[in-house]
Amino acid sequence: MSSFSRSAQQWATFARSWFLIDARMQPPGKLASMSAIRLQGKHKPIYHALSDCGDHVVIINSREIAFSGNKWEQKVYSSHTGYPGGFKQVTAAQLHHKDPKAIVKLAIYGMLPKNLQRRTMMQRLHIFPDDVLPDDIMANLTEELPQPREVPRKLSEYTQEEIDAFPRLWTPPEEYKMK
Amino acid sequence: MVFLTLSCWIRSRGPDRYWKVQEVLKNARHFRGRKNRCYKLAVRMVRRAFVYATKARKLKKRNMRTLWISRIAAASREHGMKYPALMHNLVKSSVQLNRHVISDLAITEPRSFLSLAKLARARQQEGFRAALGDGKEPPGVLSRVAFLQ
């Protein structure tokens, strides 16, 4: 890279990359913070607010995001249509059913800086509810980011040897009834 | 009557008005609207611009430091460390580089920055290595302060 001419080095330094994140079984807040950092360009040492150094972020499987706790029923998304009596409140589960992309999109929108560049950064964000990507976006992808949350394995995914090898704290007596 | 001829009645009240006005307007030439042309409006706006410039000299120092810090944080995350850990361990290893220099190294000298990050990582994990490891130094890192004799 040291053999590049000055203009070629500049072009390579400020090139925009395309990041891919798989949202399956991930908390949308952690996805949003990772994406917001990369949309602003804060992951680069050459960051400056005015130099438009943000990258593209593609999020797939946004239908399979996983809130922790009771947030699917307790988290409320509010909006107002502008007309009197038009205050609408929707739970996260209802909003996700209506539009599977909205939760991640609103989370990222809230984490970006509240200036005029926020809309351009949102235009560089691409969210897909499923695995299916259009060909031109698939051709542009450069890097896949590791998932923020380690997905725990289900009991059915453990082999019988691993279950047997797991240390037991106590053996229940013969007539013990598990609830 | 003091002024006996016509030519004595002609007064020259202050021959330099043009230049005094231009001295103010030259600082207003890049403004928008009538304030770049009309003296009465320009003089107010030029004073305001100078006040902003005076206040901004202090803000510039603050803004530059936050920019350096965010650049160093981005570069250290590329190498798997966080900014507070990096700076604390560099201070503990008595590396007296300021944020300006470290951010310039992170941009133009990536390998030097990597060596600083490795030094900070070694200093950070010194306790772990003493407790768990085999007492060997990590290869290529000197983290003790050398006392000159």
# chains A, B, ... in the order shown; residues from 1 in each chain; ligands from 1

call {"tool": "interface_residues", "arguments": {"of": "chain B", "to": "chain A", "cutoff": "6 Å", "atoms": "only C-alpha atoms", "output": "number ranges by chain"}}
result
B: 71, 74-75, 107

call {"tool": "residues_around", "arguments": {"residues": "Gln26 of chain A", "least_positions_apart": "3", "cutoff": "10 Å", "atoms": "only C-alpha atoms", "output": "PyMOL selection string"}}
result
chain A and resi 22-23+29-31+61-62+64-68+147-151

call {"tool": "write_last_selection", "arguments": {"atoms": "N, CA and C atoms", "output": "mmCIF file, in the first residue's frame"}}
result
data_model
loop_
_atom_site.group_PDB
_atom_site.id
_atom_site.type_symbol
_atom_site.label_atom_id
_atom_site.label_comp_id
_atom_site.auth_asym_id
_atom_site.auth_seq_id
_atom_site.Cartn_x
_atom_site.Cartn_y
_atom_site.Cartn_z
ATOM 1 N N ASP A 22 -25.729 -10.257 11.119
ATOM 2 C CA ASP A 22 -26.855 -11.180 11.205
ATOM 3 C C ASP A 22 -27.558 -10.933 12.539
ATOM 4 N N ALA A 23 -28.864 -10.638 12.482
ATOM 5 C CA ALA A 23 -29.581 -10.229 13.687
ATOM 6 C C ALA A 23 -30.302 -11.380 14.366
ATOM 7 N N GLY A 29 -30.788 -3.509 20.734
ATOM 8 C CA GLY A 29 -30.011 -2.361 21.209
ATOM 9 C C GLY A 29 -28.532 -2.520 20.908
ATOM 10 N N LYS A 30 -27.994 -3.738 21.106
ATOM 11 C CA LYS A 30 -26.569 -3.944 20.831
ATOM 12 C C LYS A 30 -26.286 -3.857 19.340
ATOM 13 N N LEU A 31 -27.204 -4.415 18.521
ATOM 14 C CA LEU A 31 -27.042 -4.273 17.067
ATOM 15 C C LEU A 31 -27.012 -2.805 16.689
ATOM 16 N N ASN A 61 -32.107 -10.823 8.668
ATOM 17 C CA ASN A 61 -32.868 -11.570 9.667
ATOM 18 C C ASN A 61 -33.370 -10.676 10.788
ATOM 19 N N SER A 62 -33.823 -9.471 10.449
ATOM 20 C CA SER A 62 -34.284 -8.592 11.522
ATOM 21 C C SER A 62 -35.610 -9.063 12.095
ATOM 22 N N GLU A 64 -35.913 -11.916 13.336
ATOM 23 C CA GLU A 64 -35.557 -12.840 14.423
ATOM 24 C C GLU A 64 -34.817 -12.185 15.554
ATOM 25 N N ILE A 65 -35.017 -10.868 15.767
ATOM 26 C CA ILE A 65 -34.326 -10.249 16.901
ATOM 27 C C ILE A 65 -34.971 -10.723 18.202
ATOM 28 N N ALA A 66 -34.191 -10.610 19.301
ATOM 29 C CA ALA A 66 -34.619 -11.160 20.585
ATOM 30 C C ALA A 66 -34.440 -10.107 21.661
ATOM 31 N N PHE A 67 -35.548 -9.567 22.177
ATOM 32 C CA PHE A 67 -35.478 -8.690 23.341
ATOM 33 C C PHE A 67 -35.282 -9.532 24.579
ATOM 34 N N SER A 68 -34.517 -8.992 25.561
ATOM 35 C CA SER A 68 -34.396 -9.704 26.834
ATOM 36 C C SER A 68 -35.537 -9.258 27.739
ATOM 37 N N GLN A 147 -21.427 -11.435 15.848
ATOM 38 C CA GLN A 147 -22.662 -11.099 16.547
ATOM 39 C C GLN A 147 -22.339 -10.628 17.957
ATOM 40 N N PRO A 148 -23.069 -9.596 18.455
ATOM 41 C CA PRO A 148 -22.741 -9.067 19.774
ATOM 42 C C PRO A 148 -23.062 -10.016 20.917
ATOM 43 N N ARG A 149 -24.082 -10.875 20.721
ATOM 44 C CA ARG A 149 -24.472 -11.769 21.810
ATOM 45 C C ARG A 149 -24.185 -13.199 21.413
ATOM 46 N N GLU A 150 -23.588 -13.965 22.351
ATOM 47 C CA GLU A 150 -23.321 -15.364 22.053
ATOM 48 C C GLU A 150 -24.625 -16.128 22.231
ATOM 49 N N VAL A 151 -25.096 -16.781 21.161
ATOM 50 C CA VAL A 151 -26.396 -17.445 21.229
ATOM 51 C C VAL A 151 -26.239 -18.751 22.008
#

call {"tool": "atom_distance", "arguments": {"atom1": "atom CA of Trp68 of chain B", "atom2": "atom CA of Leu105 of chain B"}}
result
10.9 Å

call {"tool": "atom_distance", "arguments": {"atom1": "atom CA of His79 of chain B", "atom2": "atom CA of Lys118 of chain B"}}
result
8.7 Å

call {"tool": "select_by_dssp", "arguments": {"residues": "segment 29-160 of chain A", "states": "strand (DSSP E or B)", "output": "list in words"}}
result
His56, Val57, Val58, Ile59, Ile60, Val76, Tyr77, Ser78, Ser79, His80, Phe87, Lys88, Gln89, Val90, Thr91, Leu125, His126, Ile127, Glu143 and Glu144 of chain A

call {"tool": "atom_distance", "arguments": {"atom1": "atom CA of Glu137 of chain B", "atom2": "atom CA of Ser94 of chain B"}}
result
18.2 Å

call {"tool": "residues_around", "arguments": {"residues": "Ala85 of chain B", "least_positions_apart": "3", "cutoff": "12 Å", "atoms": "only C-alpha atoms", "output": "PyMOL selection string"}}
result
chain B and resi 72-73+76-77+80-82+88-92+117-125

call {"tool": "write_last_selection", "arguments": {"atoms": "C-alpha atoms", "output": "PDB file, in the first residue's frame"}}
result
ATOM      1  CA  ILE B  72      -7.440   7.089  19.547  1.00  0.00           C
ATOM      2  CA  ALA B  73     -10.466   5.178  20.849  1.00  0.00           C
ATOM      3  CA  SER B  76      -7.374   1.097  19.879  1.00  0.00           C
ATOM      4  CA  ARG B  77     -10.663  -0.762  19.363  1.00  0.00           C
ATOM      5  CA  GLY B  80      -8.899  -5.049  20.756  1.00  0.00           C
ATOM      6  CA  MET B  81      -8.338  -2.506  23.532  1.00  0.00           C
ATOM      7  CA  LYS B  82     -10.465   0.316  24.883  1.00  0.00           C
ATOM      8  CA  HIS B  88      -3.994   4.311  31.774  1.00  0.00           C
ATOM      9  CA  ASN B  89      -1.516   1.607  30.880  1.00  0.00           C
ATOM     10  CA  LEU B  90       0.595   3.952  28.767  1.00  0.00           C
ATOM     11  CA  VAL B  91       0.755   6.340  31.708  1.00  0.00           C
ATOM     12  CA  LYS B  92       1.701   3.456  34.005  1.00  0.00           C
ATOM     13  CA  ALA B 117      -1.173  -0.961  22.008  1.00  0.00           C
ATOM     14  CA  LYS B 118       0.854  -4.123  22.648  1.00  0.00           C
ATOM     15  CA  LEU B 119       2.896  -2.328  25.299  1.00  0.00           C
ATOM     16  CA  ALA B 120      -0.282  -1.182  27.043  1.00  0.00           C
ATOM     17  CA  ARG B 121      -1.769  -4.678  26.775  1.00  0.00           C
ATOM     18  CA  ALA B 122       1.343  -6.220  28.335  1.00  0.00           C
ATOM     19  CA  ARG B 123       1.248  -3.703  31.192  1.00  0.00           C
ATOM     20  CA  GLN B 124      -2.471  -4.338  31.690  1.00  0.00           C
ATOM     21  CA  GLN B 125      -2.025  -8.093  31.938  1.00  0.00           C
TER      22      GLN B 125
END

call {"tool": "select_by_dssp", "arguments": {"residues": "segment 66-179 of chain A", "states": "helix (DSSP H, G or I)", "output": "MDAnalysis selection string"}}
result
chainID A and resid 71:74 92:98 102:111 117:123 135:140 155:157 160:165

call {"tool": "closest_residue", "arguments": {"among": "A:Gln40, A:Thr91, A:Asn140, A:Ser78", "to": "Leu112 of chain A", "atoms": "only C-alpha atoms"}}
result
A:Gln40

call {"tool": "residues_around", "arguments": {"residues": "Lys88 of chain A", "least_positions_apart": "5", "cutoff": "9 Å", "atoms": "only C-alpha atoms", "output": "number ranges by chain"}}
result
A: 77-81

call {"tool": "closest_residue", "arguments": {"among": "B:Ala56, B:Ile69, B:Val43, B:Val101", "to": "Gln22 of chain B", "atoms": "only C-alpha atoms"}}
result
B:Val43

call {"tool": "residues_around", "arguments": {"residues": "segment 128-130 of chain A", "least_positions_apart": "2", "cutoff": "7 Å", "atoms": "only C-alpha atoms", "output": "ChimeraX atom specification"}}
result
/A:59-63,100-101,126,132

call {"tool": "closest_residue", "arguments": {"among": "B:Asn36, B:Ser70, B:Thr5, B:Ser115", "to": "Ser103 of chain B", "atoms": "only C-alpha atoms"}}
result
B:Ser70
